[in-house]
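To start, the structure itself, in structure tokens.
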Amino acid sequence: MDNLFGLSDANWHTLDQIGVVLGYLPVLLIIVALFKRDALRRWLTRNRFPSGVSEIQEALNFDGIVFTVSNAEVPRHVIEQLKPQRIGLICTAESQGFADQIKAYFSSQGGSTTIASINDANDPQECRRATYYLLEGLRQSGCERLAVDVTGGKTPMSLGAFMTAEEAGATTLYVTTHFDSALKKFEMRTARIVRVSMPHGA
């Protein structure tokens, strides 16, 4: 019996290998994003669009977003741009103050926030459990379009959150922005929301 389209077994094997490689591209990109953050930011922000993230607002529409937290500016920017109904925040004792600031801002906008505090920022498994807990809470609250922003926190936190997002079928987001070392603050006018990975069929 002939193969589909007349392709040989060797050709189908090659196509299958290419499909496997393409399937791992989101994982490779997130690893580069987490371990080479500064280099990735420089590459992604080398060409700026006048309207900032306006082109992405049409494509990204989430009613629930989970953030790994290490500052308040970046999550607040994502909230302002994507306007979710509910959010979850993963923080440590050191970043609890930032989480409280984000919650206060989001509450003033009528949004609902759940905070999950972890003890060890260097333990990806602890962040995986926290991410799962928050995503499940968002689903039970009626959220259907879920995302996980892995920009903040230490690298093990971001890796743990990313792994759970992949398992849960949530979109993974990453925000690139310049950091003004003199002023010790992010230049949010340069911020760009990047969709790193998304559920199949989305």
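All residue names refer to the structure tokens as shown: chains lettered A, B, ... in order, residues numbered from 1 in each chain, ligands numbered from 1 in order.
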
key: Spatial neighbours of A:Arg86, 10 Å, only C-alpha atoms, chain gap at least 5 places, as a list of chain:residue names   = A:Phe62, A:Asp63, A:Gly64, A:Ile65, A:Val66, A:Ile79, A:Phe106, A:Ser107, A:Gly110, A:Gly111, A:Ser112, A:Thr113, A:Thr114, A:Gly137, A:Leu138, A:Ser141, A:Gly142, A:Cys143, A:Leu146

Mind dumping the selected residues with all heavy atoms as a CSV table (one decimal), in the first residue's frame?
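Full text of result-v5.csv as output:
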```
chain,number,residue,atom,x,y,z
A,62,PHE,N,-7.3,37.8,28.0
A,62,PHE,CA,-7.4,36.9,29.1
A,62,PHE,C,-8.3,37.4,30.2
A,62,PHE,O,-8.2,38.6,30.5
A,62,PHE,CB,-6.0,36.6,29.7
A,62,PHE,CG,-5.0,36.2,28.6
A,62,PHE,CD1,-4.0,37.0,28.1
A,62,PHE,CD2,-5.0,34.9,28.1
A,62,PHE,CE1,-3.1,36.6,27.2
A,62,PHE,CE2,-4.1,34.5,27.2
A,62,PHE,CZ,-3.2,35.3,26.7
A,63,ASP,N,-9.0,36.5,30.8
A,63,ASP,CA,-9.8,37.0,32.0
A,63,ASP,C,-9.1,36.6,33.3
A,63,ASP,O,-9.5,37.1,34.4
A,63,ASP,CB,-11.2,36.4,32.0
A,63,ASP,CG,-11.3,34.9,31.6
A,63,ASP,OD1,-10.3,34.2,31.7
A,63,ASP,OD2,-12.4,34.5,31.2
A,64,GLY,N,-8.1,35.8,33.3
A,64,GLY,CA,-7.3,35.5,34.5
A,64,GLY,C,-5.8,35.4,34.2
A,64,GLY,O,-5.4,34.7,33.2
A,65,ILE,N,-5.0,36.0,34.9
A,65,ILE,CA,-3.5,36.0,34.7
A,65,ILE,C,-2.8,35.7,36.1
A,65,ILE,O,-3.1,36.4,37.1
A,65,ILE,CB,-3.0,37.3,34.1
A,65,ILE,CG1,-3.7,37.6,32.8
A,65,ILE,CG2,-1.5,37.2,33.9
A,65,ILE,CD1,-3.2,38.9,32.2
A,66,VAL,N,-1.8,34.8,36.1
A,66,VAL,CA,-1.0,34.6,37.2
A,66,VAL,C,0.4,35.2,36.9
A,66,VAL,O,0.9,35.1,35.8
A,66,VAL,CB,-0.8,33.1,37.5
A,66,VAL,CG1,0.2,32.8,38.5
A,66,VAL,CG2,-2.1,32.4,37.8
A,79,ILE,N,-1.5,44.4,33.5
A,79,ILE,CA,-2.9,44.5,33.9
A,79,ILE,C,-3.6,45.7,33.1
A,79,ILE,O,-4.7,45.6,32.6
A,79,ILE,CB,-3.0,44.8,35.4
A,79,ILE,CG1,-2.6,43.5,36.2
A,79,ILE,CG2,-4.4,45.2,35.8
A,79,ILE,CD1,-2.4,43.7,37.7
A,106,PHE,N,-5.1,46.8,41.7
A,106,PHE,CA,-6.1,46.0,41.0
A,106,PHE,C,-7.4,46.1,41.7
A,106,PHE,O,-8.5,46.1,41.0
A,106,PHE,CB,-5.6,44.6,40.9
A,106,PHE,CG,-6.4,43.8,39.8
A,106,PHE,CD1,-6.6,44.3,38.6
A,106,PHE,CD2,-6.9,42.5,40.1
A,106,PHE,CE1,-7.3,43.5,37.6
A,106,PHE,CE2,-7.6,41.8,39.2
A,106,PHE,CZ,-7.8,42.3,37.9
A,107,SER,N,-7.4,46.1,43.0
A,107,SER,CA,-8.7,46.3,43.7
A,107,SER,C,-9.3,47.6,43.4
A,107,SER,O,-10.6,47.7,43.3
A,107,SER,CB,-8.4,46.1,45.3
A,107,SER,OG,-8.0,44.8,45.6
A,110,GLY,N,-11.4,47.4,40.5
A,110,GLY,CA,-12.6,46.5,40.6
A,110,GLY,C,-12.2,45.0,40.4
A,110,GLY,O,-13.1,44.2,40.3
A,111,GLY,N,-10.9,44.7,40.4
A,111,GLY,CA,-10.5,43.3,40.1
A,111,GLY,C,-10.3,42.5,41.4
A,111,GLY,O,-10.2,43.1,42.5
A,112,SER,N,-10.2,41.2,41.3
A,112,SER,CA,-10.0,40.3,42.4
A,112,SER,C,-8.6,39.7,42.4
A,112,SER,O,-8.2,39.2,41.3
A,112,SER,CB,-11.1,39.2,42.4
A,112,SER,OG,-10.9,38.3,43.4
A,113,THR,N,-7.9,39.6,43.5
A,113,THR,CA,-6.6,39.1,43.6
A,113,THR,C,-6.4,38.0,44.6
A,113,THR,O,-6.9,38.2,45.7
A,113,THR,CB,-5.6,40.3,43.9
A,113,THR,OG1,-5.7,41.3,43.0
A,113,THR,CG2,-4.1,39.8,43.9
A,114,THR,N,-5.7,37.0,44.3
A,114,THR,CA,-5.3,36.0,45.2
A,114,THR,C,-3.8,35.9,45.3
A,114,THR,O,-3.1,35.9,44.2
A,114,THR,CB,-5.8,34.6,44.8
A,114,THR,OG1,-7.2,34.6,44.7
A,114,THR,CG2,-5.4,33.5,45.9
A,137,GLY,N,-7.8,28.1,41.1
A,137,GLY,CA,-8.7,29.1,41.7
A,137,GLY,C,-9.3,30.0,40.7
A,137,GLY,O,-10.5,30.3,40.8
A,138,LEU,N,-8.5,30.4,39.7
A,138,LEU,CA,-9.1,31.2,38.6
A,138,LEU,C,-10.2,30.5,37.8
A,138,LEU,O,-11.2,31.0,37.5
A,138,LEU,CB,-8.0,31.7,37.7
A,138,LEU,CG,-7.0,32.7,38.3
A,138,LEU,CD1,-5.8,32.9,37.3
A,138,LEU,CD2,-7.7,34.0,38.6
A,141,SER,N,-13.3,30.2,39.6
A,141,SER,CA,-14.0,31.5,39.7
A,141,SER,C,-14.7,31.9,38.4
A,141,SER,O,-15.3,33.0,38.3
A,141,SER,CB,-13.0,32.6,40.1
A,141,SER,OG,-12.5,32.3,41.4
A,142,GLY,N,-14.5,31.0,37.4
A,142,GLY,CA,-15.2,31.2,36.1
A,142,GLY,C,-14.3,31.7,35.0
A,142,GLY,O,-14.7,31.9,33.9
A,143,CYS,N,-13.0,31.9,35.3
A,143,CYS,CA,-12.1,32.3,34.2
A,143,CYS,C,-11.8,31.2,33.3
A,143,CYS,O,-11.6,30.0,33.7
A,143,CYS,CB,-10.7,32.8,34.8
A,143,CYS,SG,-10.9,34.3,35.9
A,146,LEU,N,-6.8,31.7,30.3
A,146,LEU,CA,-5.8,31.9,31.4
A,146,LEU,C,-4.4,32.1,30.8
A,146,LEU,O,-4.0,31.5,29.8
A,146,LEU,CB,-5.8,30.7,32.3
A,146,LEU,CG,-7.1,30.3,33.0
A,146,LEU,CD1,-6.9,29.1,33.8
A,146,LEU,CD2,-7.5,31.5,33.9
```

message: With only C-alpha atoms as the counted atoms, please give the residues lying no more than 9 Å from stretch 154-158 of chain A, apart from itself and same-chain residues fewer than 4 positions off, as a PyMOL selection string.
response: chain A and resi 34-35+68-70+90+120-128+149-150+162-163

Using the selection just defined, write its residues with all heavy atoms as a short mmCIF file (atom, residue, chain, number, x, y, z; two decimals), in the first residue's frame.
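Saved to result-v7.cif:
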```
data_model
loop_
_atom_site.label_atom_id
_atom_site.label_comp_id
_atom_site.auth_asym_id
_atom_site.auth_seq_id
_atom_site.Cartn_x
_atom_site.Cartn_y
_atom_site.Cartn_z
N LEU A 34 14.63 33.00 30.17
CA LEU A 34 14.87 33.01 31.60
C LEU A 34 16.34 33.11 31.96
O LEU A 34 16.71 33.77 32.93
CB LEU A 34 14.27 31.75 32.23
CG LEU A 34 12.74 31.66 32.12
CD1 LEU A 34 12.25 30.31 32.61
CD2 LEU A 34 12.09 32.77 32.90
N PHE A 35 17.20 32.48 31.17
CA PHE A 35 18.61 32.47 31.51
C PHE A 35 19.41 33.57 30.81
O PHE A 35 20.51 33.91 31.21
CB PHE A 35 19.23 31.10 31.19
CG PHE A 35 18.82 30.05 32.17
CD1 PHE A 35 17.80 29.18 31.87
CD2 PHE A 35 19.44 29.93 33.40
CE1 PHE A 35 17.40 28.19 32.77
CE2 PHE A 35 19.05 28.97 34.31
CZ PHE A 35 18.04 28.09 33.99
N THR A 68 4.47 35.85 38.42
CA THR A 68 5.56 35.69 39.37
C THR A 68 6.04 37.11 39.66
O THR A 68 6.27 37.90 38.74
CB THR A 68 6.71 34.84 38.79
OG1 THR A 68 7.07 35.33 37.47
CG2 THR A 68 6.30 33.38 38.66
N VAL A 69 6.20 37.45 40.93
CA VAL A 69 6.39 38.85 41.32
C VAL A 69 7.80 39.14 41.86
O VAL A 69 8.29 38.44 42.74
CB VAL A 69 5.36 39.26 42.40
CG1 VAL A 69 5.60 40.68 42.89
CG2 VAL A 69 3.94 39.10 41.86
N SER A 70 8.41 40.18 41.30
CA SER A 70 9.65 40.72 41.88
C SER A 70 9.66 42.25 41.83
O SER A 70 10.60 42.88 42.28
CB SER A 70 10.89 40.17 41.14
OG SER A 70 10.83 40.49 39.77
N ILE A 90 2.35 35.28 42.73
CA ILE A 90 3.26 34.39 43.44
C ILE A 90 4.42 35.23 43.93
O ILE A 90 5.15 35.84 43.13
CB ILE A 90 3.77 33.26 42.54
CG1 ILE A 90 2.60 32.47 41.96
CG2 ILE A 90 4.71 32.35 43.31
CD1 ILE A 90 3.01 31.45 40.92
N ASP A 120 10.73 29.28 49.34
CA ASP A 120 12.05 29.14 48.70
C ASP A 120 11.95 29.51 47.23
O ASP A 120 11.41 28.76 46.42
CB ASP A 120 12.54 27.69 48.85
CG ASP A 120 13.97 27.51 48.36
OD1 ASP A 120 14.58 28.49 47.88
OD2 ASP A 120 14.48 26.38 48.48
N ALA A 121 12.50 30.67 46.88
CA ALA A 121 12.46 31.13 45.49
C ALA A 121 13.35 30.29 44.58
O ALA A 121 13.24 30.40 43.35
CB ALA A 121 12.90 32.60 45.42
N ASN A 122 14.20 29.47 45.16
CA ASN A 122 15.10 28.63 44.36
C ASN A 122 14.56 27.23 44.14
O ASN A 122 15.25 26.38 43.58
CB ASN A 122 16.47 28.55 45.04
CG ASN A 122 17.19 29.88 45.05
OD1 ASN A 122 17.33 30.52 44.01
ND2 ASN A 122 17.63 30.32 46.22
N ASP A 123 13.32 26.99 44.57
CA ASP A 123 12.70 25.68 44.42
C ASP A 123 11.60 25.74 43.35
O ASP A 123 10.50 26.23 43.62
CB ASP A 123 12.10 25.23 45.75
CG ASP A 123 11.48 23.84 45.67
OD1 ASP A 123 11.52 23.22 44.58
OD2 ASP A 123 10.95 23.37 46.70
N PRO A 124 11.87 25.26 42.13
CA PRO A 124 10.86 25.32 41.06
C PRO A 124 9.59 24.57 41.42
O PRO A 124 8.49 24.97 41.03
CB PRO A 124 11.56 24.66 39.86
CG PRO A 124 13.02 24.74 40.16
CD PRO A 124 13.12 24.65 41.65
N GLN A 125 9.71 23.48 42.19
CA GLN A 125 8.54 22.67 42.52
C GLN A 125 7.57 23.44 43.41
O GLN A 125 6.34 23.30 43.28
CB GLN A 125 8.97 21.37 43.21
CG GLN A 125 9.77 20.44 42.33
CD GLN A 125 9.04 20.08 41.04
OE1 GLN A 125 7.83 19.87 41.05
NE2 GLN A 125 9.75 20.02 39.94
N GLU A 126 8.09 24.26 44.30
CA GLU A 126 7.21 25.04 45.16
C GLU A 126 6.42 26.06 44.33
O GLU A 126 5.23 26.28 44.56
CB GLU A 126 8.01 25.76 46.25
CG GLU A 126 7.12 26.38 47.31
CD GLU A 126 7.89 26.97 48.48
OE1 GLU A 126 9.13 26.88 48.50
OE2 GLU A 126 7.23 27.53 49.37
N CYS A 127 7.10 26.64 43.35
CA CYS A 127 6.41 27.59 42.48
C CYS A 127 5.42 26.87 41.56
O CYS A 127 4.36 27.42 41.24
CB CYS A 127 7.42 28.40 41.66
SG CYS A 127 6.70 29.86 40.89
N ARG A 128 5.74 25.66 41.15
CA ARG A 128 4.80 24.88 40.35
C ARG A 128 3.50 24.65 41.11
O ARG A 128 2.41 24.81 40.56
CB ARG A 128 5.42 23.52 39.97
CG ARG A 128 6.48 23.56 38.91
CD ARG A 128 6.95 22.18 38.53
NE ARG A 128 5.95 21.48 37.73
CZ ARG A 128 6.16 20.31 37.14
NH1 ARG A 128 7.32 19.70 37.28
NH2 ARG A 128 5.22 19.75 36.42
N ASP A 149 2.30 34.97 33.51
CA ASP A 149 3.39 35.88 33.19
C ASP A 149 4.60 35.48 34.03
O ASP A 149 4.58 35.59 35.26
CB ASP A 149 2.98 37.32 33.50
CG ASP A 149 4.03 38.35 33.10
OD1 ASP A 149 5.24 38.00 33.11
OD2 ASP A 149 3.67 39.49 32.79
N VAL A 150 5.66 35.02 33.37
CA VAL A 150 6.84 34.49 34.08
C VAL A 150 7.98 35.49 34.13
O VAL A 150 9.13 35.13 34.40
CB VAL A 150 7.32 33.17 33.43
CG1 VAL A 150 6.24 32.10 33.49
CG2 VAL A 150 7.77 33.40 31.99
N PHE A 162 6.32 28.26 34.42
CA PHE A 162 6.20 27.90 33.01
C PHE A 162 5.79 26.44 32.84
O PHE A 162 4.91 26.12 32.02
CB PHE A 162 7.51 28.16 32.28
CG PHE A 162 7.55 27.59 30.90
CD1 PHE A 162 6.82 28.18 29.88
CD2 PHE A 162 8.32 26.48 30.60
CE1 PHE A 162 6.84 27.65 28.59
CE2 PHE A 162 8.35 25.95 29.32
CZ PHE A 162 7.61 26.54 28.31
N MET A 163 6.41 25.57 33.60
CA MET A 163 6.09 24.14 33.48
C MET A 163 4.61 23.88 33.81
O MET A 163 3.94 23.11 33.12
CB MET A 163 7.00 23.32 34.39
CG MET A 163 8.43 23.23 33.88
SD MET A 163 9.48 22.09 34.84
CE MET A 163 9.75 23.05 36.33
#
```

Correct to one decimal, the distance atom CA of A:Ala191-atom CA of A:Pro84 is 18.0 Å

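The coordinates place atom CA of A:Met188 at 21.4 Å from atom CA of A:Gly88.
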
Contacts of A:Tyr105 at 12 Å or less, counting only C-alpha atoms, minus same-chain residues fewer than 2 places along, as number ranges by chain?
-> A: 72-73, 75-77, 79-80, 87, 98-103, 107-113

Of A:Leu159, A:Met198, A:Leu173, A:Ala130, the one nearest to A:Val78 when counting only C-alpha atoms is A:Leu173

One residue among A:Thr151, A:Glu166, A:Glu94, A:Arg139 is nearest to A:Arg192 when using only C-alpha atoms, and that residue is A:Thr151

Leaving out A:Ala93 and any residue of its chain fewer than 6 positions from it, which residues lie within 8 Å of it when counting only C-alpha atoms, given as a short mmCIF file (atom, residue, chain, number, x, y, z; two decimals) with all heavy atoms, in the first residue's frame?
```
data_model
loop_
_atom_site.label_atom_id
_atom_site.label_comp_id
_atom_site.auth_asym_id
_atom_site.auth_seq_id
_atom_site.Cartn_x
_atom_site.Cartn_y
_atom_site.Cartn_z
N SER A 117 2.13 32.87 48.65
CA SER A 117 3.50 33.15 49.08
C SER A 117 4.28 31.84 49.17
O SER A 117 3.78 30.85 49.71
CB SER A 117 3.49 33.85 50.44
OG SER A 117 4.80 34.16 50.85
N ILE A 118 5.48 31.82 48.62
CA ILE A 118 6.33 30.64 48.69
C ILE A 118 7.53 30.92 49.58
O ILE A 118 7.95 32.08 49.73
CB ILE A 118 6.79 30.18 47.29
CG1 ILE A 118 7.64 31.25 46.60
CG2 ILE A 118 5.59 29.83 46.41
CD1 ILE A 118 8.24 30.80 45.28
N ASN A 119 8.10 29.88 50.15
CA ASN A 119 9.21 30.05 51.08
C ASN A 119 10.57 30.08 50.40
O ASN A 119 11.45 30.83 50.81
CB ASN A 119 9.20 28.93 52.12
CG ASN A 119 7.96 28.96 52.99
OD1 ASN A 119 7.55 30.02 53.46
ND2 ASN A 119 7.34 27.80 53.21
#
```

Atom pair atom CA of A:Thr92 + atom CA of A:Gly160, distance 14.1 Å

Problem - Per-residue DSSP, stretch 68-136 of chain A, filtered to helix (DSSP H, G or I), as a VMD selection string - result: chain A and resid 73 to 82 96 to 108 124 to 136

With C-alpha atoms kept, could you save the residues just selected as a PDB file, in the first residue's frame?
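Ended up saving to result27.pdb:
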```pdb
ATOM      1  CA  GLU A  73       5.655  48.038  37.666  1.00  0.00           C
ATOM      2  CA  VAL A  74       5.646  45.185  35.161  1.00  0.00           C
ATOM      3  CA  PRO A  75       2.532  43.339  36.434  1.00  0.00           C
ATOM      4  CA  ARG A  76       0.693  46.654  36.705  1.00  0.00           C
ATOM      5  CA  HIS A  77       1.579  47.433  33.091  1.00  0.00           C
ATOM      6  CA  VAL A  78       0.289  44.037  31.915  1.00  0.00           C
ATOM      7  CA  ILE A  79      -2.921  44.541  33.892  1.00  0.00           C
ATOM      8  CA  GLU A  80      -3.430  47.987  32.334  1.00  0.00           C
ATOM      9  CA  GLN A  81      -2.896  46.634  28.822  1.00  0.00           C
ATOM     10  CA  LEU A  82      -4.719  43.278  28.969  1.00  0.00           C
ATOM     11  CA  GLN A  96       5.374  40.561  49.506  1.00  0.00           C
ATOM     12  CA  GLY A  97       5.335  44.362  49.529  1.00  0.00           C
ATOM     13  CA  PHE A  98       5.198  44.488  45.733  1.00  0.00           C
ATOM     14  CA  ALA A  99       2.386  41.917  45.717  1.00  0.00           C
ATOM     15  CA  ASP A 100       0.428  44.058  48.167  1.00  0.00           C
ATOM     16  CA  GLN A 101       0.920  47.115  45.928  1.00  0.00           C
ATOM     17  CA  ILE A 102      -0.341  45.213  42.879  1.00  0.00           C
ATOM     18  CA  LYS A 103      -3.337  43.904  44.808  1.00  0.00           C
ATOM     19  CA  ALA A 104      -4.227  47.406  46.047  1.00  0.00           C
ATOM     20  CA  TYR A 105      -4.018  48.823  42.521  1.00  0.00           C
ATOM     21  CA  PHE A 106      -6.071  46.000  40.996  1.00  0.00           C
ATOM     22  CA  SER A 107      -8.679  46.251  43.747  1.00  0.00           C
ATOM     23  CA  SER A 108      -9.066  49.955  42.967  1.00  0.00           C
ATOM     24  CA  PRO A 124      10.862  25.316  41.062  1.00  0.00           C
ATOM     25  CA  GLN A 125       8.539  22.669  42.521  1.00  0.00           C
ATOM     26  CA  GLU A 126       7.207  25.044  45.164  1.00  0.00           C
ATOM     27  CA  CYS A 127       6.408  27.593  42.478  1.00  0.00           C
ATOM     28  CA  ARG A 128       4.797  24.879  40.345  1.00  0.00           C
ATOM     29  CA  ARG A 129       2.431  24.035  43.191  1.00  0.00           C
ATOM     30  CA  ALA A 130       1.621  27.710  43.787  1.00  0.00           C
ATOM     31  CA  THR A 131       0.946  28.269  40.082  1.00  0.00           C
ATOM     32  CA  TYR A 132      -1.325  25.237  39.925  1.00  0.00           C
ATOM     33  CA  TYR A 133      -3.230  26.422  43.009  1.00  0.00           C
ATOM     34  CA  LEU A 134      -3.769  29.882  41.521  1.00  0.00           C
ATOM     35  CA  LEU A 135      -4.774  28.610  38.067  1.00  0.00           C
ATOM     36  CA  GLU A 136      -7.285  26.216  39.615  1.00  0.00           C
TER      37      GLU A 136
END
```
